[in-house]
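Engineer: Before anything else, here's the structure in question.
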Amino acid sequence: MFRGTVSPIARFRHLGRSFSSLPEQNAAFEEFRTSEVQPSRQSALQEGKFYTITPEVRKRLFTFGGLTKTYEKQMKTFAETTLMVRQPALEIMDYIKRTNFSKPVNRYVLYGKNGVGKSLTLAHLLHFGIENDFVLVHVPWVPNWLKKPRELVTLNEPEGFFDLPLDSAAWLIHFKTQNLPILSRPEFVTSKDHVWSQRETTPKGATLLELVEHGINRMKFASGTIAALLSELKILSTEGKCKTMVAIDGFNAFLVEKTTLLARYKVRIPPEKITIVKPFLDMVNCDWQNGVCILILDQIAYARGHTNNEMPLNLLGRAGFEMLDPFVPVRVNDYTEKEYYSCIEYYVNRRWIQNQKQGFDEELKALSAKNPYDLMQLCSSL
């Protein structure tokens, strides 16, 4: 590279300059983009290319989480929201398209090193979900509940349990925002009475929207509302009245022995003593049909021990592994060569990279080892 050779990206950029006077031809050379913005229609032909998410879809899906903070900051700088079409997302979408939904739900487990793009792969799959009329049960980041909740309340009933009322209500708002277009359908009704107190009851036949709004307005009952909502969704899905996509980022945080939250006498609280945990663990059981579960395992979501091993058995533990078994593991890797150069071209196009000295692309490749997060951080100063 430094001996006079010309990189592929440099040759690509040279071609683009040759047509700078013709905007319509210039656009043809933006090979890092694809005009296919519907995930269901994307295939290996679009792999490695960026597609644009409309502001309406972004507002519906990611207003309350789903994109990492660093990526949100970058998208704000770029004045657009884009996602790269990558092989793990295409693989899972293909599996879902060929799924027999009359069978128990399939569990897909995304894993990989830090910074490879697992959360953005899940974001791509969420877009696929709303496009295909799935009800989304999405947890953007489990450790937000188990490391730094907005409020921790000690319960007298059941004794020894702890509640997260503010976080539970916030999640219900997130659920409502993502699923509002389908929550008021006449078939989406409760199968039984849900009694909250002597004076408050959500009757049988109430819409799921009424159930959700009750939990939002009465935060004291928000975690109980989540449990009722998810149990109703399992029933509705099994009856074939809807399809449900469970998508949980940082799932392995549910399975640690102790959280960092402290009870009386500075005793660390186990996850199973937090009311919001059990309903989501129940949702990944394979005792219902017409759905799919996509779970992300992450080392920073409470890694077990002091190991850098990102494999599912290490992050789930033996008990967690056996709980999910059988599941389909899908590894998310660093950028391929094609994805790397596509990303560099995109950064150049958005003026994220302005210092384009000779051989800069090969230097960035060596420094980042084609890790998406490391590359993004390195390019922010160029």
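Going by the structure tokens order, chains are called A, B, ..., each with residues numbered from 1, while ligands are numbered from 1 in the order shown.
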Using only C-alpha atoms, determine which residues lie at most 12 Å from Ser43 in chain A, disregarding the query and same-chain residues fewer than 6 positions distant; provide the list as number ranges by chain.
Structural biologist: A: 34, 36-37, 49, 85-94
Engineer: From a DSSP pass on the backbone, collect the residues of range 15-260 of chain A flagged as helix (DSSP H, G or I) and hand them back as a ChimeraX atom specification.
Structural biologist: /A:15-18,23-28,39-41,44-46,55-62,69-78,87-97,118-131,143-146,165-183,208-217,219-238,251-255
Engineer: Considering only C-alpha atoms, tabulate each residue of range 82-147 of chain A that lies at most 10 Å from range 167-177 of chain A along with its nearest interatomic pair and the corresponding distance in Å to one decimal; arrange the rows by chain and ascending residue number and present them as a Markdown table.
Structural biologist:
| residue | atom | partner | partner_atom | distance |
| --- | --- | --- | --- | --- |
| A:Val135 | CA | A:Phe175 | CA | 9.0 |
| A:Leu136 | CA | A:Phe175 | CA | 7.2 |
| A:Val137 | CA | A:Phe175 | CA | 6.7 |
| A:His138 | CA | A:Phe175 | CA | 7.2 |
| A:Val139 | CA | A:Trp171 | CA | 7.8 |
| A:Pro140 | CA | A:Trp171 | CA | 9.3 |
| A:Asn144 | CA | A:Asp167 | CA | 8.9 |
| A:Trp145 | CA | A:Asp167 | CA | 7.0 |
Engineer: Filtering to C-alpha atoms, could you give me those residues as an mmCIF file, in the first residue's frame?
Structural biologist:
data_model
loop_
_atom_site.group_PDB
_atom_site.id
_atom_site.type_symbol
_atom_site.label_atom_id
_atom_site.label_comp_id
_atom_site.auth_asym_id
_atom_site.auth_seq_id
_atom_site.Cartn_x
_atom_site.Cartn_y
_atom_site.Cartn_z
ATOM 1 C CA VAL A 135 -46.143 -7.971 17.643
ATOM 2 C CA LEU A 136 -42.782 -6.883 19.047
ATOM 3 C CA VAL A 137 -41.735 -7.757 22.597
ATOM 4 C CA HIS A 138 -38.471 -5.856 22.601
ATOM 5 C CA VAL A 139 -36.096 -5.241 25.515
ATOM 6 C CA PRO A 140 -33.421 -2.790 24.301
ATOM 7 C CA ASN A 144 -30.431 -1.063 32.405
ATOM 8 C CA TRP A 145 -32.877 -2.787 34.753
#
Engineer: Contacts of Trp288 in chain A at 9 Å or less, counting only C-alpha atoms, minus same-chain residues fewer than 5 places along, as a list in words?
Structural biologist: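 Within the cut-off, the hits are Lys103, Pro104, Val105, Lys234, Ile235, Ser237, Thr238 and Met283 of chain A.
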Engineer: Would you please give, as a JSON list (two decimals) with C-alpha atoms, in the first residue's frame, all residues of range 38-278 of chain A that DSSP assigns to strand (DSSP E) based on the backbone?
Structural biologist:
[["chain", "number", "residue", "atom", "x", "y", "z"],
["A", 50, "PHE", "CA", -26.51, 0.38, 3.63],
["A", 51, "TYR", "CA", -30.25, 0.92, 3.42],
["A", 52, "THR", "CA", -32.12, 3.93, 4.76],
["A", 53, "ILE", "CA", -34.79, 3.75, 7.47],
["A", 81, "THR", "CA", -30.67, 6.54, 9.82],
["A", 82, "THR", "CA", -29.11, 3.68, 7.92],
["A", 83, "LEU", "CA", -28.31, 0.04, 8.64],
["A", 84, "MET", "CA", -25.93, -2.25, 6.82],
["A", 106, "ASN", "CA", -37.69, -21.22, 17.58],
["A", 107, "ARG", "CA", -34.97, -19.47, 19.63],
["A", 108, "TYR", "CA", -32.13, -17.70, 17.81],
["A", 109, "VAL", "CA", -29.11, -16.63, 19.85],
["A", 110, "LEU", "CA", -26.86, -13.88, 18.48],
["A", 111, "TYR", "CA", -23.35, -13.86, 19.92],
["A", 134, "PHE", "CA", -45.28, -9.24, 14.19],
["A", 135, "VAL", "CA", -46.14, -7.97, 17.64],
["A", 136, "LEU", "CA", -42.78, -6.88, 19.05],
["A", 137, "VAL", "CA", -41.73, -7.76, 22.60],
["A", 138, "HIS", "CA", -38.47, -5.86, 22.60],
["A", 139, "VAL", "CA", -36.10, -5.24, 25.52],
["A", 153, "VAL", "CA", -39.10, -0.82, 45.60],
["A", 154, "THR", "CA", -39.14, -3.49, 48.31],
["A", 162, "PHE", "CA", -38.36, -6.17, 44.53],
["A", 163, "ASP", "CA", -40.21, -4.08, 41.98],
["A", 194, "HIS", "CA", -57.06, -9.32, 35.61],
["A", 195, "VAL", "CA", -57.68, -8.14, 39.17],
["A", 201, "THR", "CA", -59.92, -4.85, 37.38],
["A", 202, "THR", "CA", -59.18, -5.21, 33.68],
["A", 243, "LYS", "CA", -47.44, -13.47, 15.42],
["A", 244, "THR", "CA", -45.05, -12.39, 18.14],
["A", 245, "MET", "CA", -41.35, -11.56, 17.91],
["A", 246, "VAL", "CA", -39.45, -11.57, 21.21],
["A", 247, "ALA", "CA", -36.20, -9.59, 20.89],
["A", 248, "ILE", "CA", -34.00, -9.18, 23.97]]
Engineer: Might you pull out every residue within 12 Å of Thr68 in chain A, with only C-alpha atoms counted and same-chain residues fewer than 6 positions away left off, and present them as a CSV table (one decimal) with N, CA, C and O atoms, in the first residue's frame?
Structural biologist:
chain,number,residue,atom,x,y,z
A,62,PHE,N,-37.4,3.0,17.5
A,62,PHE,CA,-36.3,3.3,18.3
A,62,PHE,C,-36.4,4.5,19.1
A,62,PHE,O,-35.4,5.0,19.7
A,74,GLN,N,-24.0,9.1,15.9
A,74,GLN,CA,-23.5,9.2,14.5
A,74,GLN,C,-24.6,9.4,13.5
A,74,GLN,O,-24.4,10.2,12.6
A,75,MET,N,-25.7,8.8,13.7
A,75,MET,CA,-26.8,9.0,12.8
A,75,MET,C,-27.4,10.4,12.8
A,75,MET,O,-27.8,11.0,11.8
A,115,GLY,N,-18.6,-5.1,20.0
A,115,GLY,CA,-18.5,-4.1,18.9
A,115,GLY,C,-18.7,-4.6,17.5
A,115,GLY,O,-18.4,-3.9,16.6
A,117,GLY,N,-21.6,-5.5,16.1
A,117,GLY,CA,-22.8,-5.1,15.5
A,117,GLY,C,-24.0,-6.0,15.9
A,117,GLY,O,-25.0,-6.1,15.1
A,118,LYS,N,-24.0,-6.6,17.0
A,118,LYS,CA,-25.1,-7.5,17.4
A,118,LYS,C,-26.4,-6.7,17.6
A,118,LYS,O,-27.5,-7.1,17.1
A,119,SER,N,-26.3,-5.6,18.3
A,119,SER,CA,-27.5,-4.7,18.5
A,119,SER,C,-28.1,-4.2,17.2
A,119,SER,O,-29.3,-4.1,17.1
A,120,LEU,N,-27.2,-3.8,16.3
A,120,LEU,CA,-27.7,-3.3,15.0
A,120,LEU,C,-28.3,-4.4,14.1
A,120,LEU,O,-29.2,-4.2,13.3
A,121,THR,N,-27.8,-5.6,14.3
A,121,THR,CA,-28.4,-6.8,13.6
A,121,THR,C,-29.8,-7.0,14.2
A,121,THR,O,-30.8,-7.2,13.4
A,122,LEU,N,-30.0,-6.8,15.5
A,122,LEU,CA,-31.3,-7.0,16.1
A,122,LEU,C,-32.2,-5.8,15.6
A,122,LEU,O,-33.4,-6.1,15.3
A,123,ALA,N,-31.7,-4.6,15.5
A,123,ALA,CA,-32.5,-3.5,14.9
A,123,ALA,C,-33.0,-3.8,13.5
A,123,ALA,O,-34.2,-3.5,13.2
A,140,PRO,N,-34.6,-3.4,24.9
A,140,PRO,CA,-33.4,-2.8,24.3
A,140,PRO,C,-32.1,-3.1,25.0
A,140,PRO,O,-31.1,-3.3,24.3
A,141,TRP,N,-32.1,-3.3,26.3
A,141,TRP,CA,-30.9,-3.6,27.0
A,141,TRP,C,-31.2,-4.0,28.5
A,141,TRP,O,-31.5,-3.1,29.3
A,249,ASP,N,-32.0,-7.8,24.1
A,249,ASP,CA,-30.6,-7.5,24.0
A,249,ASP,C,-30.0,-7.6,25.4
A,249,ASP,O,-30.5,-7.0,26.4
A,373,TYR,N,-17.3,-1.2,15.7
A,373,TYR,CA,-17.2,-0.2,16.7
A,373,TYR,C,-15.9,0.5,16.7
A,373,TYR,O,-15.8,1.8,16.8
Engineer: Residues near Lys192 in chain A, anyone? I mean within 7 Å using only C-alpha atoms, not counting same-chain ones fewer than 2 positions away, as a PyMOL selection string.
Structural biologist: chain A and resi 190+194+203-204
Engineer: With N, CA and C atoms kept, could you save the residues just selected as an mmCIF file, in the first residue's frame?
Structural biologist:
data_model
loop_
_atom_site.group_PDB
_atom_site.id
_atom_site.type_symbol
_atom_site.label_atom_id
_atom_site.label_comp_id
_atom_site.auth_asym_id
_atom_site.auth_seq_id
_atom_site.Cartn_x
_atom_site.Cartn_y
_atom_site.Cartn_z
ATOM 1 N N THR A 190 -58.282 -9.567 26.038
ATOM 2 C CA THR A 190 -57.854 -10.407 27.148
ATOM 3 C C THR A 190 -58.756 -11.637 27.276
ATOM 4 N N HIS A 194 -58.312 -9.552 34.902
ATOM 5 C CA HIS A 194 -57.056 -9.321 35.614
ATOM 6 C C HIS A 194 -57.356 -8.368 36.765
ATOM 7 N N PRO A 203 -61.244 -6.184 32.763
ATOM 8 C CA PRO A 203 -62.178 -7.299 32.546
ATOM 9 C C PRO A 203 -61.795 -8.153 31.340
ATOM 10 N N LYS A 204 -62.312 -9.348 31.346
ATOM 11 C CA LYS A 204 -62.189 -10.232 30.190
ATOM 12 C C LYS A 204 -62.813 -9.548 28.973
#
Engineer: Within 12 Å of Thr77 in chain A, counting only C-alpha atoms, which residues show up once you throw out same-chain ones fewer than 2 positions away? Write them as a list in words, please.
Structural biologist: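 Using only C-alpha atoms, the neighbours found are Thr70, Tyr71, Glu72, Lys73, Gln74, Met75, Ala79, Glu80, Thr81, Tyr347, Arg350, Arg351, Trp352 and Ser380 of chain A.
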Engineer: Which of these, A:Ala369, A:Val284, A:Val142, A:Ala228, has the shortest distance to Val116 in chain A once you count only C-alpha atoms?
Structural biologist: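 Closest candidate: A:Ala369.
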Engineer: Between CA of Pro372 in chain A and CA of Ser40 in chain A, what is the distance, to one decimal in Å?
Structural biologist: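 That distance, rounded to one decimal, is 24.1 Å.
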Engineer: Contacts of Ile130 in chain A at 9 Å or less, counting only C-alpha atoms, minus same-chain residues fewer than 6 places along, as a VMD selection string?
Structural biologist: chain A and resid 61 136 178 to 179
Engineer: Rank A:Lys266, A:Phe101, A:Leu45, A:Ile300 by their smallest atom-to-atom distance to Gly240 in chain A, using only C-alpha atoms, and report the top residue only.
Structural biologist: A:Phe101
Engineer: Using only C-alpha atoms, find the one residue out of A:Glu47, A:Glu200, A:Asp282, A:Glu345 that sits nearest to Leu229 in chain A.
Structural biologist: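 Looking only at the distances to Leu229 in chain A, the closest residue turns out to be A:Asp282.
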Engineer: How many Å lie between CA of Phe221 in chain A and CA of Gln198 in chain A, rounded to one decimal?
Structural biologist: 13.2 Å
